[in-house]
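J.: Shown below is the structure under consideration.
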Amino acid sequence: MATRLVIDGGSPLRGEVQVSAAKNAALPALCAALLTSEPVILDNVPGLADVATTRLLLERLGAEISSDRGGGTEVRVGRLTSHEAPYELVSTMRASVLVLGPLLARAGVARVALPGGCAIGVRPIDQHLKGFQKLGADIAIQNGYVEARSSRLKGARITTDLVTVTGTENLMMAAVLAEGTTVLENAAREPEVADLARLLVAMGARIDGAGTERIEIQGVPEIGGARHRIIPDRIEAGTLLVAGAITGGDVTITGAAPRHLTATLAKLEECGATISVAGDRVRCQGRERPQAADVITSPFPGFPTDMQAQFMALLGLADGLSKITETIFENRFMHAAELNRMGARIETEGSTAVVRGVPAYQGAPVMATDLRASASLVLAGLAARGTTTVSRVYHLDRGYERLEVRLQSLGASIRRLR
Ligand code: EPZ
């Protein structure tokens, strides 16, 4: 029997818990080390399955990775021994595509498996490829691989047709070593993009405007190493706060970045939770029953799509009717059917879900379908009457570092069965 989580629900969570470093900042930061032959030290890389996959991929490309005495992870790519990101790795983690920009910039050649679709959507990378072509690269798709070549990338003005997080990160990393200036318009403003720019600037890159929709990068011949602390994970933080709200508990997260959480905190307040912020601490006091609220996902600083599933679990218990509109991914309601197995009343149609709140969930065996869906099932299980068993937990481990241990520290009755 595969690993699963068993949860006895019904107890309000209470206490304090530390937030980990952000998965979606750690992955591009690790890939940025490909841009230099000098060591890049990342102070707080989280212990996640996706990080392990990225380490494997970087080692395939020639990286030497070690942990230093301070607990930091040192990545040194003294020499690239390969330019290929193989299908067997890219198919397990689409963020592997983030090696394309650095390889093209440093070596002028890259062969990266085209990531296929995933549970939440088709997720093409056309905007990444169009951007690289604008920087002067020759791009071909052959046998399921992106073949990219360029003697030296040249700065250009790139306006993506839509806001793409890893697209912005990939193009920004490529432009760092390009000849001349690149301007990225309609860039993603996510905190993870700004954190990557902070690392690249520490390595010697020249970047202005990261965190806004217009980023300017002046190419330099080469960059060096740096030491960098990765930002806290705003999605893990949001998930832990919802755990407090959905159980009617009182949870404080520490080591967070509240300015990255504004939309999530505002929505929690709309659902009736009491939120207080002090420095890097955020406290969430849930109420007997959440209030209904409508949710529309959008790029940062809007409401994060990566919190949509967790809020669906919360709103499933609300007093009233809520409407959730998913604008980023075309197939991100897989958790709805599983929540309905626990007694929720959720109807989905296209990009809209109508959630009629019920007084309580019943424990049930449920199956995770993707990373954030698995978190929503764990949250529902914490609130449910009886026992919930969540299977396919490998989805959860991709983006949460020992979530059950953090929840246990808040009083949850949750255990991992192998
Ligand atoms: C990043 O994915 C995150 N992953 C996702 O988190 C997150 O959901 C997403 O941004 C949106 O916030 C990482 O950072 C590793 P996009 P990314 O490119 O960059 C379409 C999680 O749970 N699109 O911003 O792949 C795309 O299909 C994960 O931690 C194109 O059409 O997302 C989507 O509909 C899940 N062409 C939309 O744009 C492109 O070339 C936004 O995608 C690129 C994207």
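Ordering of the structure tokens sets the chain letters (A, B, ...); residue numbers start at 1 within each chain; ligands are numbered from 1 in the order shown.
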Assign secondary structure with DSSP using the backbone only, and return the residues of segment 85-288 of chain A in helix (DSSP H, G or I) as a PyMOL selection string.

T.: chain A and resi 87-90+94-107+126-134+165-175+191-202+234-246+258-260+262-270

J.: Would you list the residues that come within 6 Å of ligand 1? Count only C-alpha atoms and all ligand atoms and give the answer as number ranges by chain.

T.: A: 24, 95, 122-128, 163-167, 305-306, 328-329, 371-372

J.: List as JSON lines every residue of segment 7-113 of chain A that is in contact with segment 391-395 of chain A, defined as an atom at most 12 Å from one of its atoms (using only C-alpha atoms), together with the nearest atom pair and the distance in Å rounded to one decimal, sorted by chain and then rising number.

T.:
{"residue": "A:Ile7", "atom": "CA", "partner": "A:Ser391", "partner_atom": "CA", "distance": 11.4}
{"residue": "A:Leu48", "atom": "CA", "partner": "A:Tyr394", "partner_atom": "CA", "distance": 10.3}
{"residue": "A:Ala49", "atom": "CA", "partner": "A:Tyr394", "partner_atom": "CA", "distance": 8.2}
{"residue": "A:Asp50", "atom": "CA", "partner": "A:His395", "partner_atom": "CA", "distance": 10.0}
{"residue": "A:Thr92", "atom": "CA", "partner": "A:His395", "partner_atom": "CA", "distance": 10.8}
{"residue": "A:Met93", "atom": "CA", "partner": "A:His395", "partner_atom": "CA", "distance": 11.1}

J.: Write the residues of the preceding selection, restricted to N, CA and C atoms, as a PDB file, in the first residue's frame.

T.:
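For reference, out-v6.pdb as written:
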ATOM      1  N   ILE A   7      -5.955  11.007   9.011  1.00  0.00           N
ATOM      2  CA  ILE A   7      -6.267  12.180   9.823  1.00  0.00           C
ATOM      3  C   ILE A   7      -7.555  11.940  10.614  1.00  0.00           C
ATOM      4  N   LEU A  48      12.366  19.193  -0.191  1.00  0.00           N
ATOM      5  CA  LEU A  48      11.183  18.839  -0.974  1.00  0.00           C
ATOM      6  C   LEU A  48      11.557  17.893  -2.106  1.00  0.00           C
ATOM      7  N   ALA A  49      10.582  17.128  -2.579  1.00  0.00           N
ATOM      8  CA  ALA A  49      10.846  16.209  -3.692  1.00  0.00           C
ATOM      9  C   ALA A  49      11.271  16.976  -4.943  1.00  0.00           C
ATOM     10  N   ASP A  50      10.640  18.130  -5.195  1.00  0.00           N
ATOM     11  CA  ASP A  50      11.006  18.909  -6.387  1.00  0.00           C
ATOM     12  C   ASP A  50      12.426  19.447  -6.294  1.00  0.00           C
ATOM     13  N   THR A  92       8.742  14.561 -14.730  1.00  0.00           N
ATOM     14  CA  THR A  92       8.317  14.491 -13.324  1.00  0.00           C
ATOM     15  C   THR A  92       8.194  15.889 -12.721  1.00  0.00           C
ATOM     16  N   MET A  93       8.877  16.868 -13.335  1.00  0.00           N
ATOM     17  CA  MET A  93       8.811  18.220 -12.761  1.00  0.00           C
ATOM     18  C   MET A  93       8.999  19.250 -13.860  1.00  0.00           C
TER      19      MET A  93
END

J.: How would you write, as a ChimeraX atom specification, the set of residues in segment 217-335 of chain A that DSSP gives as strand (DSSP E or B)?

T.: /A:217-218,226-228,232,250-254,274-278,281-285,291,295-297,303,319,321-325

J.: Could you build a table of the residues in segment 3-39 of chain A lying no more than 12 Å from segment 175-189 of chain A, giving for each the nearest pair of atoms and their separation in Å rounded to one decimal place, using only C-alpha atoms, ordered by chain and ascending residue number, as a tab-separated table?

T.:
residue	atom	partner	partner_atom	distance
A:Ala32	CA	A:Val176	CA	10.3
A:Leu34	CA	A:Leu177	CA	11.8
A:Leu35	CA	A:Leu177	CA	8.2
A:Thr36	CA	A:Leu177	CA	10.1
